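File shown: my_file-v9.cif (mmCIF, C-alpha atoms and all ligand atoms).
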```cif
data_query
loop_
_atom_site.label_atom_id
_atom_site.label_comp_id
_atom_site.auth_asym_id
_atom_site.auth_seq_id
_atom_site.Cartn_x
_atom_site.Cartn_y
_atom_site.Cartn_z
CA SER A 1235 -4.34 -7.89 -53.63
CA ARG A 1236 -3.90 -4.70 -51.64
CA GLU A 1237 -0.89 -2.44 -51.32
CA TYR A 1238 0.31 -3.97 -48.02
CA ASP A 1239 0.05 -7.43 -46.56
CA TYR A 1240 -0.26 -5.99 -43.05
CA LEU A 1241 -1.40 -2.74 -41.54
CA VAL A 1242 -0.01 -2.67 -38.00
CA VAL A 1243 -1.83 -0.23 -35.73
CA GLY A 1244 0.60 0.79 -32.98
CA SER A 1245 4.40 0.82 -33.03
CA GLY A 1246 4.93 -0.45 -29.47
CA LEU A 1247 6.92 -3.64 -28.89
CA PHE A 1248 4.06 -5.86 -29.98
CA GLY A 1249 3.49 -4.09 -33.30
CA SER A 1250 7.21 -3.66 -33.95
CA VAL A 1251 8.07 -7.31 -33.31
CA PHE A 1252 5.17 -8.48 -35.45
CA ALA A 1253 6.13 -6.19 -38.33
CA HIS A 1254 9.77 -7.19 -38.11
CA GLU A 1255 8.93 -10.88 -38.24
CA ALA A 1256 6.41 -10.44 -41.06
CA LYS A 1257 8.98 -8.53 -43.11
CA LYS A 1258 11.50 -11.29 -42.48
CA ARG A 1259 8.97 -13.64 -44.07
CA GLY A 1260 8.76 -11.48 -47.17
CA LYS A 1261 5.62 -9.56 -46.25
CA LYS A 1262 5.03 -5.87 -46.80
CA CYS A 1263 3.96 -3.93 -43.69
CA LEU A 1264 2.80 -0.44 -42.88
CA ILE A 1265 2.88 0.65 -39.24
CA ILE A 1266 0.87 3.62 -38.05
CA ASP A 1267 0.96 5.28 -34.64
CA LYS A 1268 -1.04 8.15 -33.24
CA ARG A 1269 1.93 9.39 -31.23
CA ASP A 1270 4.68 11.46 -32.84
CA HIS A 1271 7.26 8.75 -32.15
CA ALA A 1272 7.59 4.99 -32.53
CA GLY A 1273 8.14 2.53 -29.68
CA GLY A 1274 4.98 2.96 -27.62
CA ASN A 1275 5.64 3.03 -23.90
CA VAL A 1276 9.31 2.08 -24.09
CA TYR A 1277 10.14 5.30 -25.95
CA CYS A 1278 12.93 7.47 -24.50
CA LYS A 1279 13.58 11.13 -25.18
CA GLU A 1280 17.12 12.44 -25.07
CA VAL A 1281 17.57 15.34 -22.64
CA GLU A 1282 21.03 16.59 -21.60
CA GLY A 1283 22.51 13.52 -23.27
CA ILE A 1284 20.40 11.24 -21.04
CA ASN A 1285 17.78 8.77 -22.27
CA VAL A 1286 14.68 9.80 -20.34
CA HIS A 1287 12.03 7.07 -20.11
CA GLN A 1288 8.93 9.03 -21.10
CA TYR A 1289 6.26 6.58 -19.94
CA GLY A 1290 7.72 5.19 -16.74
CA ALA A 1291 10.98 3.45 -15.90
CA HIS A 1292 11.58 0.37 -18.02
CA ILE A 1293 13.94 -2.37 -16.90
CA PHE A 1294 14.23 -5.40 -19.10
CA HIS A 1295 14.34 -8.75 -17.33
CA THR A 1296 13.65 -12.31 -18.41
CA ASN A 1297 14.44 -15.93 -17.69
CA ASP A 1298 14.03 -16.87 -21.31
CA LYS A 1299 17.37 -17.11 -23.09
CA GLN A 1300 15.72 -17.00 -26.52
CA ILE A 1301 14.04 -13.68 -25.75
CA TRP A 1302 17.23 -12.30 -24.23
CA ASP A 1303 19.18 -13.31 -27.36
CA TYR A 1304 16.43 -11.89 -29.55
CA VAL A 1305 16.56 -8.39 -28.02
CA ASN A 1306 20.37 -8.49 -27.89
CA SER A 1307 20.44 -9.21 -31.61
CA PHE A 1308 19.15 -5.67 -32.21
CA VAL A 1309 21.11 -3.84 -29.52
CA GLU A 1310 23.53 -4.93 -26.84
CA PHE A 1311 22.15 -4.72 -23.29
CA ASN A 1312 24.19 -3.49 -20.31
CA ARG A 1313 24.46 -5.19 -16.90
CA TYR A 1314 22.11 -2.84 -15.03
CA THR A 1315 20.60 -4.52 -11.96
CA ASN A 1316 17.53 -2.97 -10.41
CA THR A 1317 18.13 -2.26 -6.69
CA PRO A 1318 15.45 0.21 -5.63
CA VAL A 1319 15.41 1.85 -2.22
CA ALA A 1320 12.39 3.06 -0.27
CA LEU A 1321 12.22 6.31 1.66
CA TYR A 1322 9.83 6.41 4.60
CA LYS A 1323 9.85 9.32 7.04
CA ASP A 1324 13.48 10.27 6.35
CA LYS A 1325 14.83 6.72 6.60
CA LEU A 1326 16.01 4.61 3.70
CA TYR A 1327 15.30 0.90 3.34
CA ASN A 1328 16.54 -1.55 0.74
CA LEU A 1329 14.11 -3.39 -1.49
CA PRO A 1330 12.99 -6.03 -2.18
CA PHE A 1331 12.53 -7.12 1.44
CA ASN A 1332 15.82 -8.78 2.31
CA MET A 1333 18.38 -9.04 5.11
CA ASN A 1334 19.47 -5.43 4.53
CA THR A 1335 15.87 -4.27 5.04
CA PHE A 1336 15.46 -6.41 8.17
CA TYR A 1337 18.70 -5.04 9.61
CA GLN A 1338 17.55 -1.48 8.90
CA LEU A 1339 14.16 -2.14 10.53
CA TRP A 1340 15.10 -4.18 13.56
CA GLY A 1341 18.90 -4.47 13.80
CA VAL A 1342 18.66 -8.25 13.26
CA LYS A 1343 21.72 -9.77 11.64
CA THR A 1344 20.98 -13.44 10.93
CA PRO A 1345 18.28 -15.04 8.78
CA GLN A 1346 16.91 -16.92 11.78
CA GLU A 1347 16.53 -13.69 13.80
CA ALA A 1348 14.71 -12.08 10.86
CA LYS A 1349 12.39 -15.07 10.40
CA ASP A 1350 11.57 -15.15 14.11
CA LYS A 1351 10.83 -11.42 14.14
CA ILE A 1352 8.47 -11.63 11.15
CA GLN A 1353 6.78 -14.77 12.50
CA SER A 1354 6.17 -13.25 15.94
CA GLN A 1355 4.67 -10.12 14.36
CA ILE A 1356 2.33 -12.18 12.19
CA GLU A 1357 1.25 -14.47 15.04
CA ALA A 1358 0.47 -11.56 17.35
CA LEU A 1359 -2.14 -10.34 14.85
CA ASP A 1360 -4.00 -13.63 14.57
CA ILE A 1361 -5.68 -12.94 11.22
CA LYS A 1362 -7.55 -16.08 10.10
CA GLU A 1363 -9.05 -15.11 6.78
CA PRO A 1364 -7.83 -11.84 5.27
CA SER A 1365 -10.84 -9.93 3.92
CA ASN A 1366 -8.98 -7.04 2.29
CA LEU A 1367 -5.54 -6.05 1.07
CA GLU A 1368 -4.46 -4.65 4.43
CA GLU A 1369 -5.25 -7.88 6.28
CA GLN A 1370 -3.70 -9.93 3.50
CA ALA A 1371 -0.42 -8.00 3.65
CA LEU A 1372 -0.37 -7.99 7.45
CA SER A 1373 -0.89 -11.73 7.57
CA LEU A 1374 1.97 -12.29 5.14
CA ILE A 1375 4.57 -9.88 6.48
CA GLY A 1376 3.50 -8.31 9.80
CA PRO A 1377 2.85 -4.67 10.76
CA ASP A 1378 6.34 -3.09 10.61
CA ILE A 1379 7.04 -3.80 6.96
CA TYR A 1380 3.40 -3.28 6.04
CA GLU A 1381 3.09 0.15 7.67
CA LYS A 1382 6.45 1.49 6.51
CA LEU A 1383 6.90 -0.02 3.09
CA ILE A 1384 3.59 -1.24 1.68
CA LYS A 1385 0.54 0.62 2.97
CA GLY A 1386 1.11 4.20 1.79
CA TYR A 1387 2.63 3.16 -1.53
CA THR A 1388 -0.22 0.81 -2.36
CA GLU A 1389 -2.89 3.30 -1.33
CA LYS A 1390 -1.33 5.94 -3.59
CA GLN A 1391 -1.10 3.47 -6.47
CA TRP A 1392 -4.75 2.55 -6.29
CA GLY A 1393 -6.18 5.81 -4.95
CA ARG A 1394 -8.03 3.90 -2.25
CA SER A 1395 -7.51 2.83 1.32
CA ALA A 1396 -5.91 -0.60 1.72
CA THR A 1397 -8.93 -1.80 3.69
CA GLU A 1398 -11.13 -1.09 0.65
CA LEU A 1399 -8.90 -2.98 -1.75
CA PRO A 1400 -9.44 -6.68 -2.43
CA ALA A 1401 -7.02 -9.15 -0.84
CA PHE A 1402 -6.24 -10.83 -4.19
CA ILE A 1403 -4.13 -7.88 -5.38
CA ILE A 1404 -1.34 -9.19 -3.17
CA LYS A 1405 -0.93 -12.92 -3.54
CA ARG A 1406 2.45 -13.19 -1.96
CA LEU A 1407 5.17 -10.85 -0.78
CA PRO A 1408 8.61 -12.01 -1.75
CA VAL A 1409 11.05 -11.97 1.15
CA ARG A 1410 14.66 -12.95 0.84
CA PHE A 1411 16.87 -14.03 3.71
CA THR A 1412 20.11 -13.02 2.03
CA TYR A 1413 21.81 -9.63 1.73
CA ASP A 1414 20.72 -9.33 -1.89
CA ASN A 1415 19.12 -6.11 -3.18
CA ASN A 1416 18.50 -7.34 -6.73
CA TYR A 1417 14.81 -6.64 -7.32
CA PHE A 1418 14.29 -9.29 -9.97
CA ASN A 1419 14.92 -13.02 -9.73
CA ASP A 1420 15.35 -13.43 -13.48
CA LYS A 1421 18.54 -14.75 -15.00
CA TYR A 1422 18.86 -11.89 -17.50
CA GLN A 1423 18.43 -8.19 -16.81
CA GLY A 1424 19.62 -4.94 -18.35
CA ILE A 1425 19.01 -1.78 -20.34
CA PRO A 1426 19.79 -1.43 -24.06
CA ILE A 1427 23.10 0.42 -24.47
CA GLY A 1428 22.05 3.70 -26.04
CA GLY A 1429 18.44 3.30 -24.90
CA TYR A 1430 15.24 1.54 -25.90
CA ASN A 1431 14.90 3.56 -29.09
CA LYS A 1432 17.82 1.54 -30.45
CA LEU A 1433 15.82 -1.65 -29.93
CA VAL A 1434 12.80 -0.17 -31.68
CA GLU A 1435 14.92 1.22 -34.55
CA GLY A 1436 16.43 -2.23 -35.01
CA LEU A 1437 13.03 -3.88 -35.16
CA LEU A 1438 11.63 -1.28 -37.54
CA LYS A 1439 14.59 -1.13 -39.92
CA ASP A 1440 13.32 -0.81 -43.51
CA ILE A 1441 9.68 -0.85 -42.42
CA GLU A 1442 7.39 1.99 -43.40
CA VAL A 1443 6.13 3.90 -40.35
CA ARG A 1444 3.66 6.79 -40.37
CA LEU A 1445 3.44 8.80 -37.17
CA SER A 1446 0.85 11.14 -35.67
CA VAL A 1447 -2.01 9.32 -37.37
CA ASP A 1448 -4.94 7.86 -35.48
CA TYR A 1449 -6.40 4.72 -37.03
CA PHE A 1450 -9.90 5.69 -35.92
CA GLU A 1451 -9.86 8.98 -37.77
CA ASN A 1452 -9.75 7.27 -41.16
CA ARG A 1453 -10.54 3.73 -40.37
CA GLU A 1454 -12.02 2.67 -43.71
CA GLU A 1455 -9.15 4.16 -45.70
CA TRP A 1456 -6.54 2.42 -43.57
CA ASN A 1457 -8.41 -0.87 -43.76
CA ALA A 1458 -8.49 -0.64 -47.54
CA LEU A 1459 -4.67 -0.56 -47.69
CA ALA A 1460 -3.91 -4.01 -46.31
CA ASP A 1461 -5.09 -7.62 -46.38
CA THR A 1462 -4.65 -8.14 -42.65
CA ILE A 1463 -4.74 -5.75 -39.71
CA VAL A 1464 -2.63 -6.16 -36.61
CA PHE A 1465 -4.37 -4.08 -33.98
CA THR A 1466 -2.52 -3.13 -30.77
CA GLY A 1467 -4.76 -0.25 -29.62
CA LYS A 1468 -7.69 -0.40 -27.20
CA ILE A 1469 -10.03 -3.27 -27.97
CA ASP A 1470 -13.09 -1.45 -26.57
CA GLN A 1471 -12.45 1.45 -28.92
CA TYR A 1472 -12.09 -0.96 -31.85
CA TYR A 1473 -15.68 -1.99 -31.20
CA ASN A 1474 -16.92 1.57 -30.58
CA TYR A 1475 -17.31 0.88 -26.86
CA GLU A 1476 -20.46 -1.09 -27.57
CA PHE A 1477 -20.19 -2.99 -24.28
CA GLY A 1478 -18.86 0.03 -22.38
CA GLN A 1479 -15.39 1.33 -21.55
CA LEU A 1480 -12.66 -0.79 -20.03
CA GLU A 1481 -11.18 1.02 -17.03
CA TYR A 1482 -7.56 1.80 -16.18
CA ARG A 1483 -5.33 3.49 -13.63
CA SER A 1484 -3.33 6.33 -15.04
CA LEU A 1485 -0.03 8.02 -14.16
CA LYS A 1486 1.33 11.53 -14.44
CA PHE A 1487 5.04 12.08 -14.99
CA GLU A 1488 6.85 15.28 -13.98
CA HIS A 1489 10.29 15.50 -15.55
CA GLU A 1490 12.86 17.87 -13.99
CA THR A 1491 16.40 18.72 -15.04
CA HIS A 1492 18.78 19.44 -12.17
CA ASP A 1493 22.14 21.12 -12.39
CA VAL A 1494 23.87 18.43 -10.36
CA GLU A 1495 25.71 15.37 -11.52
CA ASN A 1496 24.01 12.94 -9.18
CA TYR A 1497 20.66 13.71 -7.57
CA GLN A 1498 19.73 10.62 -5.57
CA GLY A 1499 22.48 8.05 -6.15
CA ASN A 1500 20.10 5.41 -7.50
CA ALA A 1501 17.81 4.98 -10.49
CA VAL A 1502 14.71 4.24 -8.42
CA VAL A 1503 13.69 5.67 -5.05
CA ASN A 1504 10.21 4.75 -3.83
CA TYR A 1505 8.36 7.15 -1.53
CA THR A 1506 6.24 4.91 0.65
CA GLU A 1507 4.56 7.57 2.80
CA ARG A 1508 0.92 8.30 1.99
CA GLU A 1509 1.52 12.05 2.52
CA VAL A 1510 4.08 12.35 -0.30
CA PRO A 1511 1.92 12.56 -3.44
CA PHE A 1512 4.25 10.75 -5.85
CA THR A 1513 5.17 7.07 -5.57
CA ARG A 1514 8.72 7.27 -6.86
CA ILE A 1515 11.50 9.37 -8.30
CA ILE A 1516 13.45 7.96 -11.22
CA GLU A 1517 16.93 9.27 -12.01
CA HIS A 1518 17.38 8.12 -15.57
CA LYS A 1519 21.16 8.42 -16.03
CA HIS A 1520 21.78 5.57 -13.56
CA PHE A 1521 20.13 3.07 -15.90
CA GLU A 1522 23.06 3.56 -18.24
CA PHE A 1523 25.75 4.56 -15.71
CA GLY A 1524 25.74 8.06 -17.20
CA THR A 1525 28.41 10.62 -16.41
CA GLN A 1526 26.73 13.69 -17.90
CA PRO A 1527 27.21 16.98 -15.97
CA LYS A 1528 23.46 17.40 -15.36
CA THR A 1529 20.72 14.97 -14.42
CA VAL A 1530 17.05 14.39 -15.24
CA VAL A 1531 14.62 13.00 -12.70
CA THR A 1532 10.97 12.04 -13.05
CA LYS A 1533 8.36 12.07 -10.33
CA GLU A 1534 5.61 9.52 -10.86
CA TYR A 1535 2.10 10.35 -9.64
CA PRO A 1536 -0.68 7.76 -9.82
CA GLU A 1537 -3.92 9.21 -11.15
CA GLU A 1538 -7.56 8.42 -11.72
CA TRP A 1539 -8.03 7.53 -15.36
CA THR A 1540 -10.45 9.37 -17.62
CA SER A 1541 -10.84 8.77 -21.33
CA GLU A 1542 -8.50 11.70 -22.21
CA LYS A 1543 -5.64 10.25 -20.16
CA GLU A 1544 -3.13 7.55 -21.01
CA PRO A 1545 -4.44 4.12 -20.02
CA TYR A 1546 -1.57 2.57 -18.04
CA TYR A 1547 -2.74 -0.23 -15.77
CA PRO A 1548 -5.82 -2.33 -16.59
CA ILE A 1549 -8.15 -2.86 -13.65
CA ASN A 1550 -8.75 -6.57 -13.88
CA ASP A 1551 -11.70 -6.75 -11.49
CA ALA A 1552 -14.85 -8.78 -12.10
CA LYS A 1553 -16.70 -6.01 -13.94
CA ASN A 1554 -13.90 -5.18 -16.38
CA THR A 1555 -13.01 -8.82 -16.90
CA SER A 1556 -16.55 -9.61 -17.95
CA THR A 1557 -16.68 -6.59 -20.27
CA PHE A 1558 -13.38 -7.61 -21.83
CA LYS A 1559 -14.65 -11.14 -22.43
CA LYS A 1560 -17.47 -9.76 -24.56
CA TYR A 1561 -15.03 -7.83 -26.72
CA GLN A 1562 -12.79 -10.86 -26.94
CA GLU A 1563 -15.64 -12.95 -28.28
CA LEU A 1564 -16.09 -10.47 -31.13
CA ALA A 1565 -12.34 -10.41 -31.72
CA ASP A 1566 -12.19 -14.20 -31.94
CA LYS A 1567 -14.65 -14.11 -34.84
CA GLU A 1568 -12.56 -11.75 -36.97
CA THR A 1569 -10.86 -13.39 -39.89
CA ASN A 1570 -8.39 -10.74 -41.00
CA VAL A 1571 -7.60 -8.90 -37.78
CA ILE A 1572 -4.98 -9.95 -35.24
CA PHE A 1573 -5.33 -8.42 -31.77
CA GLY A 1574 -2.26 -8.20 -29.58
CA GLY A 1575 -0.44 -6.19 -26.95
CA ARG A 1576 -1.38 -4.73 -23.61
CA LEU A 1577 -4.30 -2.57 -24.85
CA ALA A 1578 -5.92 -5.08 -27.18
CA GLU A 1579 -5.58 -7.90 -24.66
CA TYR A 1580 -6.44 -5.65 -21.69
CA ARG A 1581 -3.63 -7.14 -19.68
CA TYR A 1582 -0.53 -5.96 -17.90
CA TYR A 1583 2.47 -7.36 -19.71
CA ASP A 1584 6.17 -6.87 -19.06
CA MET A 1585 8.33 -6.24 -22.12
CA HIS A 1586 9.69 -9.77 -22.33
CA GLN A 1587 6.15 -11.12 -22.13
CA ILE A 1588 4.98 -8.83 -24.93
CA ILE A 1589 7.85 -9.96 -27.11
CA GLY A 1590 7.10 -13.60 -26.28
CA SER A 1591 3.43 -13.08 -27.05
CA ALA A 1592 4.17 -11.35 -30.38
CA LEU A 1593 6.58 -14.12 -31.44
CA LYS A 1594 3.98 -16.72 -30.51
CA GLN A 1595 1.26 -14.98 -32.52
CA VAL A 1596 3.69 -14.82 -35.45
CA SER A 1597 4.30 -18.55 -35.39
CA VAL A 1598 0.59 -19.32 -35.07
CA HIS A 1599 -0.28 -16.90 -37.85
CA PHE A 1600 2.38 -18.16 -40.23
CA GLN A 1601 1.63 -21.76 -39.21
CA GLU A 1602 5.21 -22.58 -38.29
P1 LIG B 1701 2.33 0.07 -26.23
O1 LIG B 1701 3.78 0.25 -25.98
O2 LIG B 1701 1.39 0.87 -25.43
O3 LIG B 1701 2.09 0.38 -27.78
C1 LIG B 1701 0.82 0.60 -28.32
C2 LIG B 1701 0.96 1.68 -29.39
O4 LIG B 1701 -0.26 1.77 -30.11
C3 LIG B 1701 1.23 3.05 -28.80
O5 LIG B 1701 2.38 3.61 -29.39
C4 LIG B 1701 -0.02 3.85 -29.18
O6 LIG B 1701 0.24 5.21 -29.44
C5 LIG B 1701 -0.50 3.12 -30.41
N1 LIG B 1701 -1.93 3.28 -30.65
C6 LIG B 1701 -2.94 3.01 -29.80
N2 LIG B 1701 -4.12 3.31 -30.38
C7 LIG B 1701 -3.85 3.77 -31.64
C8 LIG B 1701 -4.65 4.27 -32.70
N3 LIG B 1701 -5.99 4.35 -32.59
N4 LIG B 1701 -4.05 4.66 -33.84
C9 LIG B 1701 -2.68 4.61 -33.95
N5 LIG B 1701 -1.89 4.16 -32.96
C10 LIG B 1701 -2.46 3.75 -31.81
N6 LIG B 1701 7.92 -3.79 -18.63
C11 LIG B 1701 9.10 -4.36 -18.25
O7 LIG B 1701 9.46 -5.41 -18.76
N7 LIG B 1701 9.89 -3.76 -17.32
C12 LIG B 1701 9.55 -2.59 -16.71
O8 LIG B 1701 10.30 -2.09 -15.87
C13 LIG B 1701 8.31 -1.98 -17.09
N8 LIG B 1701 7.93 -0.82 -16.52
C14 LIG B 1701 6.72 -0.27 -16.86
C15 LIG B 1701 6.34 0.89 -16.23
C16 LIG B 1701 5.12 1.48 -16.52
C17 LIG B 1701 4.71 2.75 -15.83
C18 LIG B 1701 4.26 0.86 -17.47
C19 LIG B 1701 2.92 1.45 -17.79
C20 LIG B 1701 4.66 -0.30 -18.11
C21 LIG B 1701 5.89 -0.88 -17.82
N9 LIG B 1701 6.32 -2.05 -18.45
C22 LIG B 1701 7.51 -2.62 -18.07
C23 LIG B 1701 5.49 -2.71 -19.49
C24 LIG B 1701 5.82 -2.30 -20.94
O9 LIG B 1701 5.61 -0.91 -21.08
C25 LIG B 1701 4.89 -3.05 -21.90
O10 LIG B 1701 5.08 -4.42 -21.79
C26 LIG B 1701 5.05 -2.71 -23.39
O11 LIG B 1701 5.39 -1.37 -23.61
C27 LIG B 1701 3.78 -3.02 -24.12
O12 LIG B 1701 3.91 -2.89 -25.52
P2 LIG B 1701 2.62 -2.82 -26.44
O13 LIG B 1701 3.12 -2.82 -27.84
O14 LIG B 1701 1.64 -3.84 -26.05
O15 LIG B 1701 1.90 -1.43 -26.07
#
```
How does this structure look as C-alpha cells?
Amino acid sequence: SREYDYLVVGSGLFGSVFAHEAKKRGKKCLIIDKRDHAGGNVYCKEVEGINVHQYGAHIFHTNDKQIWDYVNSFVEFNRYTNTPVALYKDKLYNLPFNMNTFYQLWGVKTPQEAKDKIQSQIEALDIKEPSNLEEQALSLIGPDIYEKLIKGYTEKQWGRSATELPAFIIKRLPVRFTYDNNYFNDKYQGIPIGGYNKLVEGLLKDIEVRLSVDYFENREEWNALADTIVFTGKIDQYYNYEFGQLEYRSLKFEHETHDVENYQGNAVVNYTEREVPFTRIIEHKHFEFGTQPKTVVTKEYPEEWTSEKEPYYPINDAKNTSTFKKYQELADKETNVIFGGRLAEYRYYDMHQIIGSALKQVSVHFQE
C-alpha cells in the first residue's frame, strides 16, 4: 500500500471537506494546492486588520440545518445579512427588487400600487415569446427596472449586449412586495467570525498540506504517493484538453485601502450603469461589522477569460456542455479517481452546495 490513502488535489472547500471526513474515518490524506494558500476561492487576506475576500465577496447562506451546523462546528458564524444596494446615475436603489426599490423608482407605497405599475409596464410592451435576454427580462419586470438595474450590469457581466444573450440566462426575477432588503431567502446566513480562513483551518486541522505545487508538473510522482486521488482542478486539463478547452468568464479584482473608517456604508454596492467599468464595490469590513480605523474596498471587473486567467464562471452553453459531457464519460470510467468541486464538475456552486456535494461523495465513497 502507498504512503497516503488519498491525494487531494486542491484545498478549496470541496477538497478540504473531503480530506477532513476521510481523516475522521482513519484515512491518511495529503492535500496539494498550486496557490500559496489553502482555501481556494474562499481565502481571505488580512489587510489593516480586515479580512479581505481575495476572490470575490463570499456570503454563506443555506436552508439546510445540517450544513449550517456543520460549518458552525468549525467556526461560529455571525448574523450578517446581505442587503446590497445598486447605484445607477447617482441614485441609490435597494436590492433585491422590493417595496423599497419600487418606492424609490415610482413613489408607490402599497404592494397593490407596485404590482399594478409593473403589470402595466409589462403589458404595454406586448412581448409574446422572448427571443433574447433583454426581451425575457422586459417581459418579466418591465422597462424601468430593466433599464436601471439589470441591463448595464448584465451586459458588463457577460461582455455582450443583452440582445445577443440567450433568454434562458434569466429564468425568473425575484420580486418581493414587502419592505425587506435581505438578498437571500435562506433560513441561515452569515460570515465566519474571524473570516473564512478559520473555517478552512478547522477542516484541515492535522492534515498535511503542501502549497505552491501544481499537480500537473509532477503528475506521475504525485499519483505514486496515494491509492486514490481526489481531483478538484479543471477536468479538461486532467485529460490534457483532448476534447478542447472548457470556457469561462473571468474577473479582475482591484483592492484599495482608504484612510477613512467607512467608505460606502454597506458591504456591497452594485454599479448598474454600462459606462462604469466595474460591476460592484465590496467594502470588506462590513461583513464582520469591523471598527478598524481604515477600510479596504475591492472593485470587481468582469473579464474575458484566457487560459492564463482564473476561471471563475463556467459558460454552460450547448458547446461547453457537450464538451464537458465527453470529459465526464472518461471520468466515470476511472476507478481510483474522485472528481469533485466547481472546476472538475464544470458547474457554478455556492459554498453550501459544494459542502453538500463533498459530504455526499464521502458517503457514497465510504458506502455509508
Ligand atoms: P476552489 O475554491 O476553486 O478550489 C479549487 C482549488 O484547487 C484551488 O485552491 C486551486 O488552486 C486548486 N487547484 C486547481 N488546479 C490545481 C492543480 N493543477 N494543482 C494543485 N492545485 C490545483 N458561494 C457562496 O455560497 N456565496 C457567495 O457569496 C459566493 N460568492 C462567490 C463570488 C465569486 C466571484 C465566485 C467566483 C464564487 C462565489 N461563490 C460563492 C462560490 C464559492 O467560491 C465556491 O462554491 C467554492 O469556493 C468552490 O470550492 P471548490 O473547492 O470547488 O473550488
### Query
Neighbours of A:Ile1441 within 12 Å (only C-alpha atoms; same-chain residues fewer than 2 positions away dropped), as a PyMOL selection string?
chain A and resi 1238+1240-1242+1245+1249-1258+1260-1266+1272+1434-1439+1443-1444
Please enclose the listed atoms of ligand LIG 1701 (chain B) in an axis-aligned box, pad each side by 3 Å, and write out the centre and the three edge lengths in Å, rounded to one decimal, as lines of an AutoDock Vina configuration file.
```
center_x = 2.2
center_y = -0.1
center_z = -24.9
size_x = 22.3
size_y = 16.6
size_z = 24.1
```
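For the residues A:Pro1527, A:Gly1376, A:Gly1273, A:Gly1386, ranking by smallest atom-to-atom distance to ligand LIG 1701 (chain B) using all atoms listed in the file places A:Gly1273 first.
Pairwise distance (atom CA of A:His1520, atom CA of A:Trp1302) equals 21.3 Å.
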### Query
Hey, which residues come within 6 Å of ligand LIG 1701 (chain B) if we count all atoms listed in the file? Could you give them as a PyMOL selection string?
chain A and resi 1243-1249+1266-1269+1273-1276+1289-1294+1447-1450+1466-1467+1546+1575-1576+1583-1586+1588
### Task
Using all atoms listed in the file, determine which residues lie at most 12 Å from A:Asn1316, disregarding the query and same-chain residues fewer than 6 positions distant; provide the list as JSON, numbers by chain.
{"A": [1291, 1292, 1293, 1294, 1295, 1328, 1329, 1330, 1414, 1415, 1416, 1417, 1418, 1419, 1420, 1422, 1423, 1424, 1425, 1500, 1501, 1502, 1503, 1516, 1520, 1521, 1522]}
### Message
If we draw a sphere of 9 Å around (10.4, -1.2, 5.2), which residues have at least one atom in it when counting only C-alpha atoms? Please report them as JSON, numbers by chain.
### Response
{"A": [1320, 1321, 1322, 1326, 1327, 1328, 1329, 1331, 1335, 1336, 1338, 1339, 1378, 1379, 1380, 1381, 1382, 1383, 1384, 1506]}
Can you list every residue of stretch 1435-1526 of chain A that has an atom at most 8 Å from stretch 1536-1545 of chain A, with its nearest atom pair and the distance in Å to one decimal, using only C-alpha atoms, ordered by chain then number, as JSON lines?
```
{"residue": "A:Glu1481", "atom": "CA", "partner": "A:Trp1539", "partner_atom": "CA", "distance": 7.4}
{"residue": "A:Tyr1482", "atom": "CA", "partner": "A:Pro1545", "partner_atom": "CA", "distance": 5.5}
{"residue": "A:Arg1483", "atom": "CA", "partner": "A:Trp1539", "partner_atom": "CA", "distance": 5.2}
{"residue": "A:Ser1484", "atom": "CA", "partner": "A:Trp1539", "partner_atom": "CA", "distance": 4.9}
{"residue": "A:Leu1485", "atom": "CA", "partner": "A:Pro1536", "partner_atom": "CA", "distance": 4.4}
{"residue": "A:Lys1486", "atom": "CA", "partner": "A:Pro1536", "partner_atom": "CA", "distance": 6.3}
{"residue": "A:Phe1512", "atom": "CA", "partner": "A:Pro1536", "partner_atom": "CA", "distance": 7.0}
{"residue": "A:Thr1513", "atom": "CA", "partner": "A:Pro1536", "partner_atom": "CA", "distance": 7.3}
```
### Query
If we count only C-alpha atoms, what is near A:Glu1347 at a cut-off of 12 Å, once residues fewer than 4 positions away on the same chain are taken out, given as a list in words?
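Close residues of A:Glu1347: Met1333, Phe1336, Tyr1337, Trp1340, Gly1341, Val1342, Lys1343, Lys1351, Ile1352, Gln1353, Ser1354 and Phe1411 of chain A.
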### Query
How far is it from atom CA of A:Leu1374 to atom CA of A:Thr1296, in Å with one decimal?
26.3 Å
### Message
Within 6 Å of (18.5, -4.2, -31.7) in the file's own coordinates, which protein, DNA or RNA residues have an atom, counting only C-alpha atoms? List them as a list in words.
### Response
Val1305, Ser1307, Phe1308, Val1309, Lys1432, Leu1433 and Gly1436 of chain A
Can you write just those residues out, C-alpha atoms, as an mmCIF file, in the frame of the given file?
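Once everything was written out, this is part02.cif:
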```cif
data_model
loop_
_atom_site.group_PDB
_atom_site.id
_atom_site.type_symbol
_atom_site.label_atom_id
_atom_site.label_comp_id
_atom_site.auth_asym_id
_atom_site.auth_seq_id
_atom_site.Cartn_x
_atom_site.Cartn_y
_atom_site.Cartn_z
ATOM 1 C CA VAL A 1305 16.560 -8.390 -28.020
ATOM 2 C CA SER A 1307 20.440 -9.210 -31.610
ATOM 3 C CA PHE A 1308 19.150 -5.670 -32.210
ATOM 4 C CA VAL A 1309 21.110 -3.840 -29.520
ATOM 5 C CA LYS A 1432 17.820 1.540 -30.450
ATOM 6 C CA LEU A 1433 15.820 -1.650 -29.930
ATOM 7 C CA GLY A 1436 16.430 -2.230 -35.010
#
```
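Picture a line from atom CA of A:Gln1300 to atom CA of A:Tyr1430; it runs 18.6 Å.
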### Query
Nearest to A:Lys1528 among A:Glu1280, A:Asp1270, A:Asp1470, A:Glu1495, with distances taken over all atoms listed in the file: which residue is it?
A:Glu1495
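When all atoms listed in the file are used to compute distances to A:Arg1313, the closest of the residues A:Arg1514, A:Phe1523, A:Tyr1582, A:Glu1509 turns out to be A:Phe1523.
Of the listed residues (A:Ile1356, A:Ile1403, A:Pro1426, A:Glu1389), A:Glu1389 comes nearest to A:Val1510; the distances count all atoms listed in the file.
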### Message
So, with only C-alpha atoms as the atoms that count, which of A:Thr1569, A:Gln1479, A:Thr1462, A:Asn1457 lies closest to A:Asp1239?
### Response
A:Thr1462
